[in-house]
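run25.cif (mmCIF, C-alpha atoms and all ligand atoms) appears below.
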data_input
loop_
_atom_site.label_atom_id
_atom_site.label_comp_id
_atom_site.auth_asym_id
_atom_site.auth_seq_id
_atom_site.Cartn_x
_atom_site.Cartn_y
_atom_site.Cartn_z
CA MET A 1 -13.07 59.59 -167.73
CA ARG A 2 -14.72 62.95 -168.40
CA GLU A 3 -12.38 65.90 -168.44
CA GLU A 4 -13.08 68.53 -165.78
CA VAL A 5 -13.04 72.08 -167.10
CA LEU A 6 -14.29 73.95 -164.06
CA ARG A 7 -14.56 72.75 -160.48
CA VAL A 8 -16.22 75.10 -158.04
CA ASP A 9 -15.69 74.08 -154.46
CA GLY A 10 -17.47 75.59 -151.44
CA LEU A 11 -17.60 79.00 -153.08
CA LYS A 12 -18.86 81.95 -151.05
CA VAL A 13 -19.39 85.33 -152.69
CA TRP A 14 -21.18 87.93 -150.61
CA TYR A 15 -22.06 91.61 -151.13
CA SER A 16 -20.77 93.99 -148.53
CA VAL A 17 -23.42 96.67 -148.11
CA GLY A 18 -23.96 99.16 -145.31
CA GLY A 19 -21.96 97.20 -142.74
CA SER A 20 -23.68 93.87 -143.36
CA TYR A 21 -23.42 91.08 -145.89
CA VAL A 22 -25.83 89.76 -148.50
CA LYS A 23 -24.94 86.07 -148.66
CA ALA A 24 -25.76 85.69 -152.34
CA VAL A 25 -23.54 82.67 -153.01
CA ASP A 26 -22.93 80.71 -149.86
CA GLY A 27 -21.04 77.46 -150.19
CA VAL A 28 -21.69 76.37 -153.76
CA SER A 29 -19.97 73.35 -155.33
CA PHE A 30 -20.25 71.83 -158.80
CA THR A 31 -18.13 70.62 -161.71
CA VAL A 32 -18.42 71.34 -165.43
CA TYR A 33 -17.07 68.75 -167.84
CA ARG A 34 -15.73 69.15 -171.34
CA GLY A 35 -18.33 69.01 -174.11
CA GLU A 36 -21.39 69.42 -171.92
CA VAL A 37 -24.14 71.96 -171.41
CA PHE A 38 -24.43 72.57 -167.67
CA GLY A 39 -27.60 74.43 -166.71
CA ILE A 40 -28.03 76.58 -163.61
CA ALA A 41 -31.60 77.40 -162.65
CA GLY A 42 -33.50 78.88 -159.74
CA GLU A 43 -35.87 81.77 -159.15
CA SER A 44 -34.93 85.42 -159.35
CA GLY A 45 -32.45 86.55 -156.69
CA CYS A 46 -31.10 83.08 -155.78
CA GLY A 47 -27.55 84.07 -156.74
CA LYS A 48 -27.08 82.70 -160.26
CA SER A 49 -25.60 85.85 -161.77
CA THR A 50 -23.48 86.57 -158.71
CA LEU A 51 -22.05 83.07 -158.97
CA VAL A 52 -21.13 83.16 -162.64
CA SER A 53 -20.04 86.77 -162.83
CA SER A 54 -17.74 86.37 -159.81
CA LEU A 55 -15.84 83.74 -161.79
CA VAL A 56 -14.76 86.24 -164.42
CA LEU A 57 -14.78 89.55 -162.60
CA LEU A 58 -15.10 90.14 -158.88
CA LYS A 59 -16.46 93.68 -158.66
CA PRO A 60 -17.14 95.54 -155.41
CA PRO A 61 -19.39 95.35 -153.42
CA MET A 62 -18.92 91.66 -154.27
CA ARG A 63 -16.48 89.87 -151.98
CA HIS A 64 -14.92 86.45 -152.19
CA MET A 65 -15.50 84.99 -148.72
CA GLY A 66 -14.24 81.45 -149.22
CA GLY A 67 -13.96 78.43 -151.47
CA ARG A 68 -12.32 78.00 -154.84
CA ALA A 69 -13.07 77.82 -158.55
CA LEU A 70 -10.52 75.70 -160.36
CA PHE A 71 -10.24 76.25 -164.10
CA HIS A 72 -8.02 73.45 -165.36
CA GLY A 73 -6.86 73.00 -161.81
CA LYS A 74 -5.94 76.65 -161.19
CA ASP A 75 -7.96 78.79 -158.76
CA LEU A 76 -9.56 81.76 -160.50
CA PHE A 77 -9.79 83.57 -157.17
CA SER A 78 -6.04 83.51 -156.61
CA MET A 79 -5.13 84.69 -160.11
CA SER A 80 -3.80 88.17 -160.81
CA GLY A 81 -5.74 90.62 -162.98
CA GLU A 82 -3.28 89.92 -165.78
CA GLU A 83 -3.77 86.14 -165.57
CA LEU A 84 -7.54 86.59 -165.59
CA ARG A 85 -7.36 88.86 -168.61
CA LYS A 86 -5.51 86.11 -170.46
CA ILE A 87 -8.24 83.61 -169.65
CA ARG A 88 -11.13 85.86 -170.67
CA TYR A 89 -12.65 85.20 -174.09
CA LYS A 90 -10.31 82.29 -174.89
CA GLY A 91 -10.56 80.29 -171.68
CA ILE A 92 -13.81 81.47 -170.15
CA SER A 93 -16.11 83.83 -172.01
CA ILE A 94 -19.26 85.22 -170.45
CA ILE A 95 -22.37 86.64 -172.01
CA PRO A 96 -23.56 88.61 -169.00
CA GLN A 97 -27.21 89.08 -168.13
CA PHE A 98 -28.44 92.19 -169.99
CA ALA A 99 -25.60 91.77 -172.52
CA LEU A 100 -27.85 93.30 -175.15
CA ASP A 101 -27.09 96.65 -173.56
CA ALA A 102 -23.46 95.81 -172.83
CA LEU A 103 -22.08 96.24 -176.35
CA SER A 104 -20.52 99.66 -176.51
CA PRO A 105 -23.12 101.87 -178.21
CA THR A 106 -20.57 104.23 -179.75
CA LYS A 107 -18.58 101.60 -181.62
CA ARG A 108 -19.41 99.69 -184.77
CA ILE A 109 -19.45 95.88 -184.37
CA ARG A 110 -16.27 95.76 -186.51
CA ASP A 111 -14.37 97.96 -184.03
CA ILE A 112 -15.71 96.13 -181.00
CA ILE A 113 -14.32 92.93 -182.53
CA LEU A 114 -10.98 94.40 -183.60
CA ASP A 115 -10.39 95.98 -180.19
CA LEU A 116 -11.05 92.66 -178.47
CA ALA A 117 -8.79 90.82 -180.89
CA ALA A 118 -5.94 93.26 -180.25
CA VAL A 119 -6.06 92.29 -176.57
CA HIS A 120 -7.03 88.62 -176.66
CA GLU A 121 -5.71 87.28 -179.98
CA PRO A 122 -2.87 89.64 -180.96
CA ASN A 123 -1.31 87.03 -183.25
CA LEU A 124 -4.16 87.23 -185.73
CA THR A 125 -4.07 89.88 -188.44
CA LYS A 126 -7.03 92.24 -188.75
CA ARG A 127 -7.93 90.52 -191.97
CA GLU A 128 -7.97 87.09 -190.31
CA VAL A 129 -10.11 88.41 -187.47
CA LEU A 130 -12.63 90.00 -189.82
CA GLU A 131 -12.76 86.92 -192.04
CA ARG A 132 -13.52 84.80 -189.02
CA ALA A 133 -16.14 87.29 -187.85
CA GLU A 134 -17.85 87.23 -191.26
CA GLU A 135 -17.85 83.44 -191.29
CA ARG A 136 -19.40 83.33 -187.81
CA LEU A 137 -21.98 85.97 -188.66
CA ARG A 138 -23.07 83.79 -191.59
CA LEU A 139 -23.28 80.84 -189.22
CA VAL A 140 -25.83 82.75 -187.14
CA SER A 141 -27.64 83.94 -190.31
CA LEU A 142 -26.47 87.53 -190.09
CA SER A 143 -25.08 89.46 -193.03
CA PRO A 144 -21.41 90.54 -192.88
CA LYS A 145 -22.85 94.05 -193.28
CA VAL A 146 -23.58 93.88 -189.54
CA LEU A 147 -19.87 94.60 -189.03
CA ASP A 148 -20.47 98.16 -190.20
CA MET A 149 -23.45 98.70 -187.94
CA TYR A 150 -23.80 100.09 -184.45
CA PRO A 151 -25.44 97.84 -181.81
CA VAL A 152 -28.50 100.11 -181.62
CA GLU A 153 -29.20 99.51 -185.30
CA LEU A 154 -29.80 95.81 -184.62
CA SER A 155 -33.05 94.29 -183.41
CA GLY A 156 -33.03 92.35 -180.11
CA GLY A 157 -32.67 88.97 -181.82
CA MET A 158 -29.96 90.20 -184.19
CA ARG A 159 -28.10 91.83 -181.34
CA GLN A 160 -28.21 88.65 -179.28
CA ARG A 161 -26.74 86.74 -182.23
CA ALA A 162 -24.05 89.42 -182.66
CA VAL A 163 -23.25 89.11 -178.95
CA LEU A 164 -22.93 85.35 -179.42
CA VAL A 165 -20.47 85.87 -182.28
CA VAL A 166 -18.41 88.44 -180.37
CA SER A 167 -18.24 86.37 -177.18
CA THR A 168 -17.20 83.17 -178.97
CA LEU A 169 -14.89 84.63 -181.61
CA PHE A 170 -11.79 83.31 -179.89
CA ASN A 171 -13.22 79.80 -179.41
CA PRO A 172 -13.65 79.78 -175.63
CA GLU A 173 -13.19 76.54 -173.76
CA LEU A 174 -16.13 77.53 -171.60
CA LEU A 175 -18.98 79.87 -172.51
CA ILE A 176 -21.12 81.16 -169.67
CA ALA A 177 -24.47 82.37 -171.00
CA ASP A 178 -26.48 84.26 -168.38
CA GLU A 179 -30.17 84.59 -169.35
CA VAL A 180 -29.35 84.93 -173.04
CA THR A 181 -32.89 84.19 -174.12
CA SER A 182 -35.01 85.99 -171.53
CA ALA A 183 -35.36 89.25 -173.46
CA LEU A 184 -36.37 87.46 -176.67
CA ASP A 185 -39.66 86.23 -178.07
CA VAL A 186 -40.26 82.47 -178.03
CA THR A 187 -39.24 81.82 -181.65
CA THR A 188 -36.01 83.80 -181.34
CA GLN A 189 -35.30 82.05 -178.04
CA ARG A 190 -35.35 78.71 -179.80
CA VAL A 191 -33.05 80.00 -182.55
CA VAL A 192 -30.49 81.29 -180.04
CA LEU A 193 -30.54 78.03 -178.04
CA GLU A 194 -30.05 76.01 -181.21
CA LEU A 195 -27.15 78.25 -182.20
CA LEU A 196 -25.49 77.67 -178.85
CA LEU A 197 -25.70 73.92 -179.42
CA GLU A 198 -24.47 74.30 -182.99
CA PHE A 199 -21.41 76.23 -181.78
CA LEU A 200 -20.74 73.48 -179.24
CA LYS A 201 -21.03 70.74 -181.86
CA ALA A 202 -18.80 72.67 -184.25
CA GLY A 203 -16.13 72.85 -181.55
CA ILE A 204 -16.22 76.66 -181.44
CA ILE A 205 -17.14 76.40 -177.76
CA GLY A 206 -15.75 73.63 -175.53
CA SER A 207 -18.50 73.57 -172.86
CA ILE A 208 -21.46 75.74 -171.91
CA VAL A 209 -22.80 76.95 -168.59
CA ALA A 210 -26.32 78.17 -169.30
CA VAL A 211 -27.98 80.23 -166.58
CA THR A 212 -31.71 80.92 -166.49
CA HIS A 213 -34.83 81.04 -164.39
CA ASP A 214 -36.60 79.41 -167.33
CA ILE A 215 -36.25 75.69 -166.66
CA ALA A 216 -38.39 74.68 -169.63
CA SER A 217 -35.99 76.22 -172.13
CA LEU A 218 -32.96 75.03 -170.17
CA TYR A 219 -34.30 71.49 -170.29
CA GLN A 220 -34.16 71.60 -174.10
CA ILE A 221 -30.40 72.00 -174.12
CA ALA A 222 -28.84 71.02 -170.78
CA ASP A 223 -27.06 67.71 -170.21
CA ARG A 224 -26.92 68.31 -166.48
CA MET A 225 -28.69 70.83 -164.29
CA MET A 226 -28.12 72.50 -160.96
CA ILE A 227 -30.94 74.09 -158.96
CA MET A 228 -30.14 76.94 -156.60
CA TYR A 229 -32.24 78.33 -153.79
CA ALA A 230 -31.31 81.41 -151.74
CA GLY A 231 -27.57 81.25 -152.40
CA LYS A 232 -27.20 77.50 -152.07
CA VAL A 233 -27.35 74.44 -154.29
CA VAL A 234 -30.33 72.21 -153.55
CA GLU A 235 -29.94 69.61 -156.30
CA ILE A 236 -27.65 68.62 -159.19
CA GLY A 237 -28.16 65.85 -161.69
CA PRO A 238 -28.54 64.71 -165.28
CA ALA A 239 -31.23 66.99 -166.77
CA GLU A 240 -33.79 64.32 -167.52
CA GLU A 241 -33.33 62.59 -164.18
CA LEU A 242 -33.64 65.88 -162.32
CA VAL A 243 -36.77 67.00 -164.16
CA LYS A 244 -38.53 63.65 -164.09
CA ARG A 245 -37.42 62.45 -160.67
CA PRO A 246 -36.53 65.52 -158.59
CA ARG A 247 -35.82 64.71 -154.95
CA HIS A 248 -35.50 68.04 -153.21
CA PRO A 249 -38.89 69.45 -152.18
CA TYR A 250 -37.94 72.81 -153.71
CA THR A 251 -37.00 71.24 -157.07
CA GLN A 252 -40.28 69.35 -157.00
CA ALA A 253 -42.23 72.52 -156.36
CA LEU A 254 -40.34 74.43 -159.01
CA ILE A 255 -40.80 71.80 -161.68
CA SER A 256 -44.43 71.06 -160.99
CA SER A 257 -45.11 74.79 -161.38
CA ILE A 258 -44.08 74.60 -165.06
CA PRO A 259 -46.98 73.04 -166.98
CA SER A 260 -45.07 72.87 -170.28
CA LEU A 261 -42.68 70.32 -168.79
CA GLY A 262 -45.66 68.02 -168.45
CA VAL A 263 -44.41 66.51 -165.21
CA THR A 264 -46.70 65.90 -162.25
CA TYR A 265 -46.01 64.29 -158.92
CA LYS A 266 -48.04 62.57 -156.27
CA GLU A 267 -47.24 65.38 -153.84
CA LYS A 268 -49.98 67.85 -154.70
CA ARG A 269 -49.24 69.79 -151.55
CA LEU A 270 -46.20 71.32 -153.18
CA SER A 271 -47.68 72.59 -156.37
CA GLY A 272 -48.59 75.98 -154.92
CA LEU A 273 -45.52 77.18 -153.12
CA LYS A 274 -46.38 79.67 -150.36
CA GLY A 275 -44.21 82.45 -148.98
CA SER A 276 -41.05 83.86 -150.47
CA PRO A 277 -37.29 83.17 -150.30
CA PRO A 278 -35.45 84.37 -147.16
CA ASN A 279 -33.66 87.67 -146.86
CA LEU A 280 -30.07 86.88 -147.79
CA ARG A 281 -28.72 89.29 -145.17
CA ASP A 282 -30.07 87.04 -142.47
CA PRO A 283 -30.95 83.63 -143.90
CA PRO A 284 -32.26 80.88 -141.61
CA PRO A 285 -29.64 78.44 -140.29
CA GLY A 286 -29.47 75.03 -141.93
CA CYS A 287 -31.70 74.45 -144.92
CA ARG A 288 -32.77 77.79 -146.36
CA PHE A 289 -35.91 76.27 -147.83
CA ALA A 290 -37.09 74.85 -144.49
CA PRO A 291 -39.39 77.79 -143.58
CA ARG A 292 -41.43 77.08 -146.75
CA CYS A 293 -41.04 73.31 -146.86
CA PRO A 294 -44.09 71.17 -146.00
CA TYR A 295 -41.80 68.32 -144.90
CA ALA A 296 -39.52 70.33 -142.62
CA PHE A 297 -38.61 68.81 -139.23
CA GLU A 298 -36.20 69.78 -136.41
CA ARG A 299 -33.08 68.53 -138.15
CA CYS A 300 -33.60 71.04 -140.99
CA GLY A 301 -32.18 73.74 -138.72
CA GLU A 302 -28.78 72.14 -139.34
CA GLU A 303 -26.83 72.27 -142.59
CA PRO A 304 -28.38 69.57 -144.84
CA PRO A 305 -26.19 66.68 -146.03
CA ALA A 306 -25.37 65.88 -149.67
CA VAL A 307 -27.38 62.79 -150.55
CA GLU A 308 -25.85 60.91 -153.49
CA LEU A 309 -28.28 58.93 -155.62
CA GLY A 310 -25.80 57.57 -158.16
CA GLY A 311 -25.18 58.72 -161.72
CA GLY A 312 -24.16 62.15 -160.44
CA HIS A 313 -27.61 62.94 -159.00
CA VAL A 314 -27.19 64.70 -155.64
CA PHE A 315 -29.62 66.60 -153.44
CA TYR A 316 -29.03 68.47 -150.20
CA CYS A 317 -31.77 67.52 -147.78
CA TRP A 318 -32.30 65.78 -144.44
CA LEU A 319 -35.21 63.82 -145.94
CA GLY A 320 -32.65 61.77 -147.87
CA VAL A 321 -31.08 60.34 -144.71
CA ARG A 322 -34.13 60.05 -142.51
N1 LIG B 1 -24.66 95.00 -156.11
C1 LIG B 1 -25.37 94.35 -155.19
N2 LIG B 1 -25.37 94.74 -153.91
C2 LIG B 1 -26.08 94.08 -152.96
N3 LIG B 1 -26.84 92.99 -153.20
C3 LIG B 1 -26.86 92.55 -154.46
C4 LIG B 1 -26.14 93.20 -155.52
N4 LIG B 1 -26.39 92.51 -156.67
C5 LIG B 1 -27.21 91.51 -156.33
N5 LIG B 1 -27.51 91.52 -155.02
C6 LIG B 1 -28.36 90.57 -154.27
O1 LIG B 1 -27.78 89.29 -154.37
C7 LIG B 1 -28.78 88.27 -154.52
C8 LIG B 1 -28.51 87.45 -155.75
O2 LIG B 1 -28.66 88.26 -156.92
P1 LIG B 1 -28.36 87.68 -158.37
O3 LIG B 1 -28.47 88.80 -159.32
O4 LIG B 1 -27.09 86.91 -158.34
O5 LIG B 1 -29.58 86.66 -158.56
P2 LIG B 1 -30.07 85.90 -159.87
O6 LIG B 1 -30.33 84.50 -159.44
O7 LIG B 1 -29.13 86.11 -160.98
O8 LIG B 1 -31.47 86.60 -160.19
P3 LIG B 1 -32.20 86.86 -161.61
O9 LIG B 1 -32.88 85.57 -161.97
O10 LIG B 1 -33.19 87.94 -161.27
O11 LIG B 1 -31.18 87.29 -162.60
C9 LIG B 1 -30.10 89.01 -154.53
O12 LIG B 1 -30.63 88.98 -153.23
C10 LIG B 1 -29.73 90.44 -154.91
O13 LIG B 1 -30.62 91.36 -154.34
MG MG B 2 -29.32 86.91 -162.85
#
Could you render the structure as structure tokens?
Amino acid sequence: MREEVLRVDGLKVWYSVGGSYVKAVDGVSFTVYRGEVFGIAGESGCGKSTLVSSLVLLKPPMRHMGGRALFHGKDLFSMSGEELRKIRYKGISIIPQFALDALSPTKRIRDIILDLAAVHEPNLTKREVLERAEERLRLVSLSPKVLDMYPVELSGGMRQRAVLVVSTLFNPELLIADEVTSALDVTTQRVVLELLLEFLKAGIIGSIVAVTHDIASLYQIADRMMIMYAGKVVEIGPAEELVKRPRHPYTQALISSIPSLGVTYKEKRLSGLKGSPPNLRDPPPGCRFAPRCPYAFERCGEEPPAVELGGGHVFYCWLGVR
């Protein structure tokens, strides 16, 4: 039996702006198991960052509107600030989107690390912390001299590797990596993805949630994948199964639009997706993809059912029960 690390169940996280709500995450459910790379993909604005960042820090105007996120069986949304602080870095560590700019510019890497250690791993001596940091820097092919540098002195690729070292220094059970490769050139992207896998194999990280709009690079590392559309999940499954045999019309359209995946389907109609995602302040009832879907029929105005295909492959669509 695979061990569950995180179980998200019917989660709703909306933004409260100007008297109305942006329904950015609207009833999302999935599970992450120990030892796996779980990929979350979907086009810009579908709610990926809202979803993962709400798990570690619910900042206004973000609001938790329902559902749960169980980390080892305990709901992150009913934990106190103090309990959450204890979980950060050691339990769940996040590399937020735009993390390259998130490292404090006025502190040397050494001080960033020591300050974090004082809060999250107070039992380690400074010497132990710095030894571990040097060892990890070597693992990502950076010189220990980086410890004496300021973030701005590092190139994009070096900074991303430094961010990886900082965010995994206390061996998190779950690392959430939000678009960690999107600001990098293709070669550096590959290096960073390989490092993530190396850290997982070495047991430095227990499991990974990798978030990106770049399915081709996600496919290189993910064991399972989840596709989001306009704040909802449309499909979840083993990565290969999902890429080679997608069942949701949106997943099919998304995947056939990526030539490097080398996957083509009979349904040519979908290859050029028309229109744009709905406004999340006022999304259509039922399936949010229906207004753009060439197969839509009356039923799609109602909430689509979860259609289980076996082996953990699920898609949310009325076509599956027609
Ligand atoms: N602070 C905010 N206030 C109001 N709406 C917001 C806020 N932040 C994000 N949104 C909206 O929430 C929705 C989801 O945004 P989110 O950043 O989670 O998407 P994403 O999938 O991570 O996109 P990307 O691929 O561009 O990173 C979008 O419609 C966005 O405009
Ligand atoms: Mg994002």
Skip A:Asp9 itself and residues of its chain fewer than 6 positions away, then list as a PyMOL selection string all residues within 10 Å of it, counting only C-alpha atoms.
chain A and resi 27-31+66-70
Point-to-point distance from atom CA of A:Tyr89 to atom CA of A:Gly312, Å rounded to tenths:
29.2 Å
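Using only C-alpha atoms and all ligand atoms, we find that the residues with an atom at most 7 Å from any atom of ligand LIG 1 (chain B) are Tyr15, Ser16, Val17, Val22, Ala24, Gly42, Glu43, Ser44, Gly45, Cys46, Gly47, Lys48, Ser49, Thr50, Leu51, Pro61, Met62, Thr212, His213 and Leu280 of chain A.
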Name the closest residue to A:Glu82 among the candidates A:Arg7, A:Leu57, A:Val314, A:Glu131; distances are taken between atoms, counting all atoms listed in the file.
A:Leu57
Applying 10 Å and all atoms listed in the file, which residues near A:Ala239 remain after dropping the ones on its own chain fewer than 3 positions away? List them as an MDAnalysis selection string.
chainID A and resid 37:39 218:226 236 242:246 313
Hey, can you check how far atom CA of A:Asp185 sits from atom CA of A:Ser217?
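Computing the Euclidean distance for atom CA of A:Asp185 and atom CA of A:Ser217 yields 12.2 Å.
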Please determine, counting all atoms listed in the file, which residue among A:Tyr21, A:Tyr229, A:Phe98, A:Trp318 has the shortest atom-to-atom distance to ligand MG 2 (chain B).
A:Phe98
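Proximity ranking of A:Ile112, A:Val186, A:Ile208, A:Val165 relative to A:Tyr33 places A:Ile208 first, based on only C-alpha atoms.
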Which one of A:Asp75, A:Asp178, A:Glu240, A:Glu235 sits closest to ligand MG 2 (chain B) if you count only C-alpha atoms and all ligand atoms?
A:Asp178
Using only C-alpha atoms and all ligand atoms, which of the listed residues (A:Ser93, A:Asn123, A:Ser167, A:Ser182) sits closest to ligand MG 2 (chain B)?
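Smallest separation from ligand MG 2 (chain B) among the options: A:Ser182.
Note that atom CA of A:Gln97 and atom CA of A:Pro60 are 17.5 Å apart.
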Distance criterion (all atoms listed in the file): nearest to ligand MG 2 (chain B) out of A:Pro144, A:Gly19, A:Gly301, A:Pro96
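Once distances to ligand MG 2 (chain B) are computed over all atoms listed in the file, the minimum belongs to A:Pro96.
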Please supply stretch 216-241 of chain A, rebuilt with N, CA and C atoms, as a PDB file, in the frame of the given file.
ATOM      1  N   ALA A 216     -37.871  75.366-168.441  1.00  0.00           N
ATOM      2  CA  ALA A 216     -38.390  74.680-169.630  1.00  0.00           C
ATOM      3  C   ALA A 216     -37.433  74.848-170.805  1.00  0.00           C
ATOM      4  N   SER A 217     -36.896  76.055-170.995  1.00  0.00           N
ATOM      5  CA  SER A 217     -35.990  76.220-172.130  1.00  0.00           C
ATOM      6  C   SER A 217     -34.617  75.611-171.820  1.00  0.00           C
ATOM      7  N   LEU A 218     -34.234  75.639-170.562  1.00  0.00           N
ATOM      8  CA  LEU A 218     -32.960  75.030-170.170  1.00  0.00           C
ATOM      9  C   LEU A 218     -32.983  73.519-170.431  1.00  0.00           C
ATOM     10  N   TYR A 219     -34.127  72.932-170.138  1.00  0.00           N
ATOM     11  CA  TYR A 219     -34.300  71.490-170.290  1.00  0.00           C
ATOM     12  C   TYR A 219     -34.083  71.046-171.739  1.00  0.00           C
ATOM     13  N   GLN A 220     -34.358  71.946-172.682  1.00  0.00           N
ATOM     14  CA  GLN A 220     -34.160  71.600-174.100  1.00  0.00           C
ATOM     15  C   GLN A 220     -32.689  71.422-174.456  1.00  0.00           C
ATOM     16  N   ILE A 221     -31.802  72.061-173.705  1.00  0.00           N
ATOM     17  CA  ILE A 221     -30.400  72.000-174.120  1.00  0.00           C
ATOM     18  C   ILE A 221     -29.422  71.423-173.084  1.00  0.00           C
ATOM     19  N   ALA A 222     -29.822  71.388-171.813  1.00  0.00           N
ATOM     20  CA  ALA A 222     -28.840  71.020-170.780  1.00  0.00           C
ATOM     21  C   ALA A 222     -28.623  69.511-170.678  1.00  0.00           C
ATOM     22  N   ASP A 223     -27.372  69.111-170.499  1.00  0.00           N
ATOM     23  CA  ASP A 223     -27.060  67.710-170.210  1.00  0.00           C
ATOM     24  C   ASP A 223     -27.246  67.453-168.718  1.00  0.00           C
ATOM     25  N   ARG A 224     -26.748  68.410-167.927  1.00  0.00           N
ATOM     26  CA  ARG A 224     -26.920  68.310-166.480  1.00  0.00           C
ATOM     27  C   ARG A 224     -27.444  69.643-165.986  1.00  0.00           C
ATOM     28  N   MET A 225     -28.105  69.613-164.826  1.00  0.00           N
ATOM     29  CA  MET A 225     -28.690  70.830-164.290  1.00  0.00           C
ATOM     30  C   MET A 225     -28.395  70.976-162.805  1.00  0.00           C
ATOM     31  N   MET A 226     -28.290  72.221-162.387  1.00  0.00           N
ATOM     32  CA  MET A 226     -28.120  72.500-160.960  1.00  0.00           C
ATOM     33  C   MET A 226     -29.213  73.485-160.554  1.00  0.00           C
ATOM     34  N   ILE A 227     -29.888  73.191-159.446  1.00  0.00           N
ATOM     35  CA  ILE A 227     -30.940  74.090-158.960  1.00  0.00           C
ATOM     36  C   ILE A 227     -30.433  74.809-157.723  1.00  0.00           C
ATOM     37  N   MET A 228     -30.567  76.138-157.749  1.00  0.00           N
ATOM     38  CA  MET A 228     -30.140  76.940-156.600  1.00  0.00           C
ATOM     39  C   MET A 228     -31.362  77.505-155.878  1.00  0.00           C
ATOM     40  N   TYR A 229     -31.202  77.666-154.571  1.00  0.00           N
ATOM     41  CA  TYR A 229     -32.240  78.330-153.790  1.00  0.00           C
ATOM     42  C   TYR A 229     -31.549  79.197-152.739  1.00  0.00           C
ATOM     43  N   ALA A 230     -31.832  80.483-152.740  1.00  0.00           N
ATOM     44  CA  ALA A 230     -31.310  81.410-151.740  1.00  0.00           C
ATOM     45  C   ALA A 230     -29.810  81.249-151.481  1.00  0.00           C
ATOM     46  N   GLY A 231     -29.023  81.258-152.544  1.00  0.00           N
ATOM     47  CA  GLY A 231     -27.570  81.250-152.400  1.00  0.00           C
ATOM     48  C   GLY A 231     -26.927  79.897-152.229  1.00  0.00           C
ATOM     49  N   LYS A 232     -27.757  78.845-152.244  1.00  0.00           N
ATOM     50  CA  LYS A 232     -27.200  77.500-152.070  1.00  0.00           C
ATOM     51  C   LYS A 232     -27.660  76.570-153.176  1.00  0.00           C
ATOM     52  N   VAL A 233     -26.926  75.467-153.344  1.00  0.00           N
ATOM     53  CA  VAL A 233     -27.350  74.440-154.290  1.00  0.00           C
ATOM     54  C   VAL A 233     -28.308  73.516-153.562  1.00  0.00           C
ATOM     55  N   VAL A 234     -29.449  73.200-154.178  1.00  0.00           N
ATOM     56  CA  VAL A 234     -30.330  72.210-153.550  1.00  0.00           C
ATOM     57  C   VAL A 234     -30.266  70.864-154.264  1.00  0.00           C
ATOM     58  N   GLU A 235     -29.970  70.883-155.572  1.00  0.00           N
ATOM     59  CA  GLU A 235     -29.940  69.610-156.300  1.00  0.00           C
ATOM     60  C   GLU A 235     -29.123  69.745-157.579  1.00  0.00           C
ATOM     61  N   ILE A 236     -28.394  68.680-157.931  1.00  0.00           N
ATOM     62  CA  ILE A 236     -27.650  68.620-159.190  1.00  0.00           C
ATOM     63  C   ILE A 236     -27.870  67.249-159.785  1.00  0.00           C
ATOM     64  N   GLY A 237     -28.042  67.172-161.089  1.00  0.00           N
ATOM     65  CA  GLY A 237     -28.160  65.850-161.690  1.00  0.00           C
ATOM     66  C   GLY A 237     -28.296  65.919-163.192  1.00  0.00           C
ATOM     67  N   PRO A 238     -28.281  64.742-163.857  1.00  0.00           N
ATOM     68  CA  PRO A 238     -28.540  64.710-165.280  1.00  0.00           C
ATOM     69  C   PRO A 238     -29.914  65.358-165.530  1.00  0.00           C
ATOM     70  N   ALA A 239     -30.024  66.178-166.594  1.00  0.00           N
ATOM     71  CA  ALA A 239     -31.230  66.990-166.770  1.00  0.00           C
ATOM     72  C   ALA A 239     -32.520  66.184-166.729  1.00  0.00           C
ATOM     73  N   GLU A 240     -32.545  65.085-167.445  1.00  0.00           N
ATOM     74  CA  GLU A 240     -33.790  64.320-167.520  1.00  0.00           C
ATOM     75  C   GLU A 240     -34.162  63.722-166.162  1.00  0.00           C
ATOM     76  N   GLU A 241     -33.156  63.181-165.506  1.00  0.00           N
ATOM     77  CA  GLU A 241     -33.330  62.590-164.180  1.00  0.00           C
ATOM     78  C   GLU A 241     -33.866  63.646-163.190  1.00  0.00           C
TER      79      GLU A 241
END
